[in-house]
>>> print(open('protein03.csv').read())   # CSV, C-alpha atoms
chain,number,residue,atom,x,y,z
A,1,MET,CA,-172.2,35.3,54.2
A,2,ALA,CA,-169.6,36.7,51.9
A,3,LEU,CA,-167.8,34.0,49.9
A,4,SER,CA,-164.4,35.0,51.3
A,5,GLU,CA,-165.9,34.4,54.7
A,6,LYS,CA,-167.2,31.0,53.7
A,7,TYR,CA,-163.8,30.0,52.4
A,8,LYS,CA,-161.8,31.7,55.1
A,9,GLU,CA,-160.1,28.5,56.2
A,10,LEU,CA,-159.0,27.8,52.7
A,11,ILE,CA,-157.6,31.3,52.1
A,12,GLY,CA,-155.8,31.1,55.5
A,13,ALA,CA,-154.3,27.8,54.8
A,14,ALA,CA,-153.0,29.0,51.4
A,15,GLN,CA,-151.3,32.0,53.1
A,16,ALA,CA,-149.8,29.8,55.9
A,17,ALA,CA,-148.5,27.4,53.3
A,18,GLN,CA,-146.7,30.2,51.5
A,19,VAL,CA,-148.7,30.1,48.3
A,20,THR,CA,-147.3,32.8,46.0
A,21,ASN,CA,-149.2,35.1,43.7
A,22,LEU,CA,-152.3,34.4,45.8
A,23,ASN,CA,-155.2,36.3,44.4
A,24,VAL,CA,-158.8,36.2,45.8
A,25,ALA,CA,-161.6,37.9,43.9
A,26,GLU,CA,-165.3,37.5,43.8
A,27,THR,CA,-167.4,38.1,40.7
A,28,ASP,CA,-171.0,37.3,40.0
A,29,GLY,CA,-171.4,35.0,42.9
A,30,VAL,CA,-168.3,33.0,42.3
A,31,LEU,CA,-165.1,33.3,44.4
A,32,HIS,CA,-161.9,32.9,42.4
A,33,VAL,CA,-158.8,31.8,44.3
A,34,SER,CA,-155.6,31.4,42.3
A,35,GLY,CA,-151.9,31.0,43.2
A,36,ASN,CA,-148.8,28.9,43.0
A,37,ALA,CA,-148.3,26.2,45.7
A,38,PRO,CA,-144.8,25.3,46.6
A,39,THR,CA,-145.5,21.6,46.3
A,40,GLY,CA,-148.2,19.3,45.0
A,41,ALA,CA,-148.9,18.3,48.6
A,42,VAL,CA,-149.9,21.8,49.5
A,43,LYS,CA,-152.2,21.9,46.4
A,44,ASP,CA,-153.8,18.6,47.6
A,45,GLN,CA,-154.2,20.0,51.1
A,46,LEU,CA,-156.1,23.1,49.8
A,47,TRP,CA,-158.4,20.9,47.7
A,48,ASP,CA,-159.1,18.8,50.8
A,49,ILE,CA,-160.2,21.9,52.7
A,50,TYR,CA,-162.3,22.9,49.7
A,51,ASN,CA,-164.0,19.6,49.9
A,52,LYS,CA,-164.6,20.0,53.6
A,53,ILE,CA,-166.3,23.4,53.1
A,54,ASP,CA,-168.2,22.4,49.9
A,55,PRO,CA,-168.6,18.6,49.9
A,56,ASN,CA,-168.1,17.3,46.4
A,57,PHE,CA,-167.7,20.8,45.1
A,58,LEU,CA,-171.3,21.1,44.1
A,59,ALA,CA,-172.1,24.6,45.2
A,60,GLY,CA,-170.4,26.1,42.1
A,61,ASP,CA,-169.3,29.2,44.0
A,62,LEU,CA,-165.5,28.6,44.0
A,63,VAL,CA,-163.0,28.3,41.2
A,64,LEU,CA,-159.8,27.1,42.8
A,65,ASP,CA,-156.9,27.5,40.4
A,66,ILE,CA,-153.7,26.5,42.2
A,67,THR,CA,-150.7,25.3,40.3
A,68,SER,CA,-148.0,23.3,42.0
A,69,ALA,CA,-144.8,25.1,41.2
A,70,ASN,CA,-142.1,22.5,41.7
A,71,ALA,CA,-142.3,20.8,38.4
A,72,ALA,CA,-139.3,22.5,36.9
A,73,GLU,CA,-138.2,22.1,33.3
A,74,GLY,CA,-135.6,19.4,33.0
A,75,CYS,CA,-137.0,17.6,36.1
A,76,LYS,CA,-138.5,14.2,36.3
A,77,VAL,CA,-142.2,13.8,36.6
A,78,LYS,CA,-144.3,10.8,37.4
A,79,VAL,CA,-147.3,9.5,35.5
A,80,VAL,CA,-150.2,9.6,38.0
A,81,THR,CA,-153.1,8.3,36.0
A,82,GLU,CA,-155.5,6.1,38.0
A,83,SER,CA,-154.2,2.9,36.4
A,84,SER,CA,-154.0,3.3,32.6
A,85,ASN,CA,-151.3,4.5,30.3
A,86,LEU,CA,-151.0,8.2,29.5
A,87,ASN,CA,-151.1,9.2,25.8
A,88,ILE,CA,-148.3,11.2,24.5
A,89,ARG,CA,-149.5,13.4,21.7
A,90,LYS,CA,-147.9,15.2,18.8
A,91,GLY,CA,-149.4,18.6,19.9
A,92,PRO,CA,-151.1,20.1,23.0
A,93,GLY,CA,-154.7,18.9,22.5
A,94,THR,CA,-156.8,15.7,22.6
A,95,ASP,CA,-157.4,16.2,18.9
A,96,GLN,CA,-153.7,15.7,18.2
A,97,PRO,CA,-152.5,12.3,17.1
A,98,ILE,CA,-151.0,10.0,19.7
A,99,VAL,CA,-147.3,9.4,19.2
A,100,GLY,CA,-146.6,7.2,22.2
A,101,LYS,CA,-147.6,6.1,25.7
A,102,ALA,CA,-146.2,6.5,29.1
A,103,ALA,CA,-147.1,3.8,31.6
A,104,HIS,CA,-148.9,4.4,34.9
A,105,GLY,CA,-146.2,5.1,37.4
A,106,GLU,CA,-143.5,5.7,34.9
A,107,ILE,CA,-141.0,8.5,35.6
A,108,ILE,CA,-140.4,10.7,32.5
A,109,THR,CA,-138.6,14.0,31.8
A,110,LEU,CA,-140.4,17.3,31.6
A,111,ILE,CA,-138.9,19.3,28.7
A,112,ASN,CA,-141.1,22.4,29.1
A,113,LYS,CA,-144.6,23.4,30.1
A,114,SER,CA,-145.9,24.8,26.9
A,115,ASN,CA,-149.1,25.7,28.7
A,116,GLU,CA,-150.7,24.8,32.0
A,117,GLN,CA,-152.6,21.9,30.7
A,118,TRP,CA,-150.2,20.4,28.3
A,119,TRP,CA,-146.5,19.7,29.0
A,120,LEU,CA,-143.8,18.6,26.6
A,121,VAL,CA,-142.2,15.5,27.9
A,122,LYS,CA,-139.8,12.7,26.9
A,123,THR,CA,-139.7,9.1,28.0
A,124,ASN,CA,-136.7,6.9,28.5
A,125,ASP,CA,-137.5,5.3,25.2
A,126,GLY,CA,-137.1,8.6,23.5
A,127,GLU,CA,-140.8,9.2,22.8
A,128,GLU,CA,-141.4,12.9,22.9
A,129,GLY,CA,-144.7,14.8,22.9
A,130,TYR,CA,-147.4,16.4,24.9
A,131,CYS,CA,-149.1,15.0,28.0
A,132,TYR,CA,-152.0,16.3,29.9
A,133,SER,CA,-150.5,17.8,33.0
A,134,GLN,CA,-153.3,16.7,35.3
A,135,TYR,CA,-151.8,13.3,35.1
A,136,LEU,CA,-148.2,14.3,35.8
A,137,SER,CA,-146.8,14.9,39.3
A,138,ALA,CA,-143.4,16.4,40.3
A,139,ASP,CA,-143.6,15.3,44.0
B,1,MET,CA,-132.2,27.9,133.0
B,2,LYS,CA,-132.3,31.7,132.9
B,3,ASN,CA,-135.1,33.1,130.9
B,4,SER,CA,-132.8,35.2,128.6
B,5,VAL,CA,-130.9,32.1,127.7
B,6,LYS,CA,-134.2,30.2,127.0
B,7,LEU,CA,-135.3,33.1,124.8
B,8,PHE,CA,-132.0,33.1,123.0
B,9,LEU,CA,-132.1,29.4,122.4
B,10,ALA,CA,-135.7,29.7,121.2
B,11,MET,CA,-134.8,32.4,118.8
B,12,LEU,CA,-131.9,30.4,117.5
B,13,ALA,CA,-134.1,27.4,117.1
B,14,VAL,CA,-136.6,29.6,115.2
B,15,THR,CA,-133.8,30.9,113.0
B,16,PHE,CA,-132.6,27.5,112.2
B,17,TYR,CA,-136.2,26.3,111.7
B,18,VAL,CA,-137.0,29.1,109.3
B,19,SER,CA,-133.8,28.8,107.4
B,20,ALA,CA,-134.2,25.1,107.1
B,21,CYS,CA,-137.8,25.5,105.7
B,22,LYS,CA,-136.8,28.2,103.2
B,23,PRO,CA,-135.8,26.5,99.9
B,24,LYS,CA,-132.2,27.0,99.0
B,25,ASP,CA,-131.4,29.0,95.8
B,26,GLU,CA,-130.3,25.7,94.2
B,27,THR,CA,-133.7,24.2,94.6
B,28,ILE,CA,-135.5,27.4,93.6
B,29,GLN,CA,-133.3,27.6,90.5
B,30,LYS,CA,-134.1,24.0,89.6
B,31,ASN,CA,-137.8,24.6,90.0
B,32,VAL,CA,-137.9,27.9,88.2
B,33,SER,CA,-136.0,26.5,85.3
B,34,GLU,CA,-138.5,23.7,85.1
B,35,ALA,CA,-141.4,26.1,85.3
B,36,ILE,CA,-140.2,28.3,82.5
B,37,LYS,CA,-139.1,25.4,80.3
B,38,ALA,CA,-142.1,25.8,78.1
B,39,VAL,CA,-141.1,29.4,77.2
B,40,GLN,CA,-138.4,29.2,74.6
B,41,GLY,CA,-135.5,31.5,74.8
B,42,VAL,CA,-135.7,32.3,78.5
B,43,THR,CA,-133.2,31.6,81.2
B,44,ALA,CA,-133.4,32.2,84.9
B,45,GLU,CA,-130.8,33.1,87.6
B,46,VAL,CA,-131.7,32.8,91.3
B,47,LYS,CA,-129.9,34.7,94.0
B,48,GLU,CA,-131.3,34.7,97.6
B,49,GLY,CA,-134.7,33.9,96.3
B,50,VAL,CA,-134.7,36.7,93.7
B,51,VAL,CA,-135.2,35.4,90.2
B,52,THR,CA,-133.8,37.3,87.3
B,53,LEU,CA,-135.2,36.3,83.9
B,54,SER,CA,-133.3,37.0,80.7
B,55,GLY,CA,-133.5,36.1,77.1
B,56,THR,CA,-135.5,37.0,74.0
B,57,VAL,CA,-139.0,36.0,73.0
B,58,ALA,CA,-141.1,36.8,70.0
B,59,ILE,CA,-144.3,37.9,71.7
B,60,ALA,CA,-145.1,39.9,74.8
B,61,ASP,CA,-147.4,37.1,76.2
B,62,ALA,CA,-144.4,34.8,76.4
B,63,LYS,CA,-142.5,37.4,78.6
B,64,THR,CA,-145.5,37.6,80.9
B,65,SER,CA,-146.0,33.8,81.1
B,66,ALA,CA,-142.4,33.3,82.1
B,67,GLU,CA,-142.8,35.8,84.9
B,68,THR,CA,-146.0,34.3,86.2
B,69,ALA,CA,-144.5,30.9,86.1
B,70,ALA,CA,-141.4,31.9,88.0
B,71,LYS,CA,-143.4,33.9,90.7
B,72,ALA,CA,-145.5,30.7,91.4
B,73,VAL,CA,-142.4,28.8,92.5
B,74,GLU,CA,-142.0,28.2,96.2
B,75,GLY,CA,-139.4,30.4,97.8
B,76,VAL,CA,-139.3,33.0,95.1
B,77,LYS,CA,-139.2,36.4,96.8
B,78,SER,CA,-139.4,38.5,93.6
B,79,VAL,CA,-138.9,38.3,89.9
B,80,THR,CA,-136.8,40.8,87.9
B,81,ASN,CA,-137.9,40.4,84.3
B,82,ASN,CA,-135.2,41.4,81.8
B,83,ILE,CA,-136.6,39.4,78.9
B,84,THR,CA,-136.7,41.3,75.6
B,85,VAL,CA,-139.6,41.0,73.2
B,86,GLU,CA,-138.3,41.0,69.7
B,87,ALA,CA,-139.7,39.3,66.7
B,88,SER,CA,-137.1,37.0,65.2
B,89,PRO,CA,-136.7,37.1,61.4
B,90,ALA,CA,-138.7,34.0,60.9
B,91,THR,CA,-141.7,35.2,62.9
B,92,ALA,CA,-141.5,38.7,61.4
B,93,ALA,CA,-141.8,37.4,57.8
B,94,PRO,CA,-144.8,39.0,56.3
B,95,ALA,CA,-147.8,36.7,55.8
B,96,THR,CA,-148.3,35.9,52.2
B,97,VAL,CA,-149.7,38.9,50.5
B,98,VAL,CA,-153.2,38.3,49.1
B,99,THR,CA,-154.1,40.4,46.2
B,100,ASN,CA,-157.6,41.2,45.1
B,101,ASN,CA,-157.2,41.7,41.3
B,102,PRO,CA,-160.1,41.1,39.0
B,103,VAL,CA,-160.0,37.7,37.3
B,104,VAL,CA,-159.7,37.5,33.6
B,105,ASN,CA,-161.7,34.5,32.4
B,106,ALA,CA,-160.9,32.5,29.3
B,107,ALA,CA,-162.9,33.3,26.2
B,108,ASP,CA,-165.6,30.9,25.3
B,109,GLU,CA,-163.8,29.6,22.2
B,110,VAL,CA,-160.6,28.7,24.0
B,111,LEU,CA,-162.5,27.5,27.0
B,112,SER,CA,-164.7,25.1,24.9
B,113,LYS,CA,-161.7,23.5,23.4
B,114,SER,CA,-159.9,23.1,26.8
B,115,VAL,CA,-163.0,21.8,28.4
B,116,LYS,CA,-163.3,19.2,25.7
B,117,ASP,CA,-159.8,18.0,26.5
B,118,ALA,CA,-160.6,17.9,30.2
B,119,ILE,CA,-163.6,15.8,29.9
B,120,LYS,CA,-162.2,13.4,27.3
B,121,ASP,CA,-161.4,10.9,30.0
B,122,PHE,CA,-164.8,11.1,31.5
B,123,PRO,CA,-167.2,9.8,28.8
B,124,SER,CA,-170.2,9.8,31.2
B,125,VAL,CA,-170.0,13.6,31.4
B,126,LYS,CA,-171.2,16.2,28.9
B,127,ALA,CA,-170.2,19.9,29.1
B,128,ALA,CA,-171.6,23.1,27.6
B,129,VAL,CA,-169.7,26.4,27.6
B,130,LYS,CA,-171.5,29.7,27.5
B,131,ASP,CA,-170.3,33.1,28.6
B,132,GLY,CA,-167.5,31.5,30.6
B,133,VAL,CA,-169.9,29.2,32.5
B,134,VAL,CA,-169.1,25.5,32.2
B,135,SER,CA,-172.3,23.5,32.7
B,136,LEU,CA,-171.9,19.8,33.3
B,137,THR,CA,-174.4,17.1,33.0
B,138,GLY,CA,-174.3,13.3,33.4
B,139,GLU,CA,-172.9,11.3,36.2
B,140,LEU,CA,-169.5,10.7,37.7
B,141,ALA,CA,-167.8,8.9,40.6
B,142,VAL,CA,-166.6,11.2,43.4
B,143,THR,CA,-162.9,10.6,42.9
B,144,LYS,CA,-163.1,11.2,39.2
B,145,TRP,CA,-165.3,14.3,39.7
B,146,LYS,CA,-162.6,15.8,41.9
B,147,LEU,CA,-160.0,15.3,39.2
B,148,LEU,CA,-162.3,16.8,36.6
B,149,LYS,CA,-163.1,19.8,38.8
B,150,MET,CA,-159.4,20.4,39.4
B,151,SER,CA,-158.8,20.4,35.6
B,152,LEU,CA,-161.7,22.7,34.9
B,153,ASP,CA,-160.8,25.2,37.6
B,154,ALA,CA,-157.4,25.5,36.0
B,155,LEU,CA,-159.0,26.7,32.7
B,156,LYS,CA,-160.1,30.0,34.3
B,157,PRO,CA,-163.9,29.5,33.8
B,158,LYS,CA,-166.2,32.1,35.1
B,159,LYS,CA,-168.1,29.4,36.9
B,160,VAL,CA,-168.3,25.6,37.0
B,161,ASP,CA,-172.0,24.6,37.2
B,162,ALA,CA,-172.3,21.0,38.4
B,163,SER,CA,-176.0,21.2,39.2
B,164,GLY,CA,-176.8,18.8,36.4
B,165,LEU,CA,-174.2,16.3,37.5
B,166,THR,CA,-174.9,13.3,39.6
B,167,VAL,CA,-171.9,12.6,41.8
B,168,LYS,CA,-171.9,8.9,42.9
>>> encode(input="protein03.csv", output="structure tokens")
Amino acid sequence: MALSEKYKELIGAAQAAQVTNLNVAETDGVLHVSGNAPTGAVKDQLWDIYNKIDPNFLAGDLVLDITSANAAEGCKVKVVTESSNLNIRKGPGTDQPIVGKAAHGEIITLINKSNEQWWLVKTNDGEEGYCYSQYLSAD
Amino acid sequence: MKNSVKLFLAMLAVTFYVSACKPKDETIQKNVSEAIKAVQGVTAEVKEGVVTLSGTVAIADAKTSAETAAKAVEGVKSVTNNITVEASPATAAPATVVTNNPVVNAADEVLSKSVKDAIKDFPSVKAAVKDGVVSLTGELAVTKWKLLKMSLDALKPKKVDASGLTVK
């Protein structure tokens, strides 16, 4: 079956949840779905559907690139690491020196999203630097 | 008693009987309103057993359901259906547009660096990047693999190949 058919439920849910800039394209056996979700909860919901269709994401036929839009610059974000502290780095990369740490569960301020993966943040203690966005949540 | 009087009395009795059996407009109104309750935006007026439906609904099916429901109520002689079908602004909102533009994948050099950042927290996993394909080997717990897959997909790879990965 065509991949867009296999992942029909996912694409339908993305539309129903008002994901913007929704793009669906298939190349070389891989379906690429990208867009901006209005909230982190919508992003999670789409990943749950992905898991339902392809348990543990092992088929390798979907790249799901959904950003959750509501982390606006100047807003607060929460550190959502599993349990450990989150490193704050001088620059956007794991090769960059660590200049501070944000605790698990701490609420810090988003200064700007310099790129999708690395966001410039500031803690209440005044530590400023880049954190890996995967571990930051705006919801 | 004379036959004509008997007949008259009989007819009178029948008339009373029939009119007593026939539900009153008030009852019909109550029952019709109950019956069409499920169809939002519709009201009913009953006069001498004739139901007039009014209101606005978003889809034609709703107009028909209301009529069917009203007709089924005891005592209803006929239904005049004045319901209008008009999509309200909310329902007429276009479904999110889905575009089908070709995807631009990250170049290997950029991708390798970002993949390295992504797997840094998962020491049990190794990744190789070639021609946009990220190949993973090693092993990883299910919940951690989900986080990693989410990070990798955001890097615009051509493909994430987890065939060499054992997910526990």
>>> residues_around(input="protein03.csv", residues="B:Gly138", least_positions_apart="6", cutoff="6 Å", atoms="all atoms listed in the file", output="ChimeraX atom specification")
/B:124-125,165
>>> atom_distance(input="protein03.csv", atom1="atom CA of A:Val121", atom2="atom CA of A:Glu106")
12.1 Å
>>> interface_residues(input="protein03.csv", of="chain A", to="chain B", cutoff="6 Å", atoms="all atoms listed in the file", output="number ranges by chain")
A: 15, 18, 22-25, 58, 60, 63-65, 94
>>> closest_residue(input="protein03.csv", among="A:Cys131, A:Leu62, A:Leu86, A:Val19", to="A:Lys43", atoms="only C-alpha atoms")
A:Val19
>>> closest_residue(input="protein03.csv", among="A:Gly91, A:Gly29, A:Gly126, A:Gly35", to="A:Ile108", atoms="all atoms listed in the file")
A:Gly126
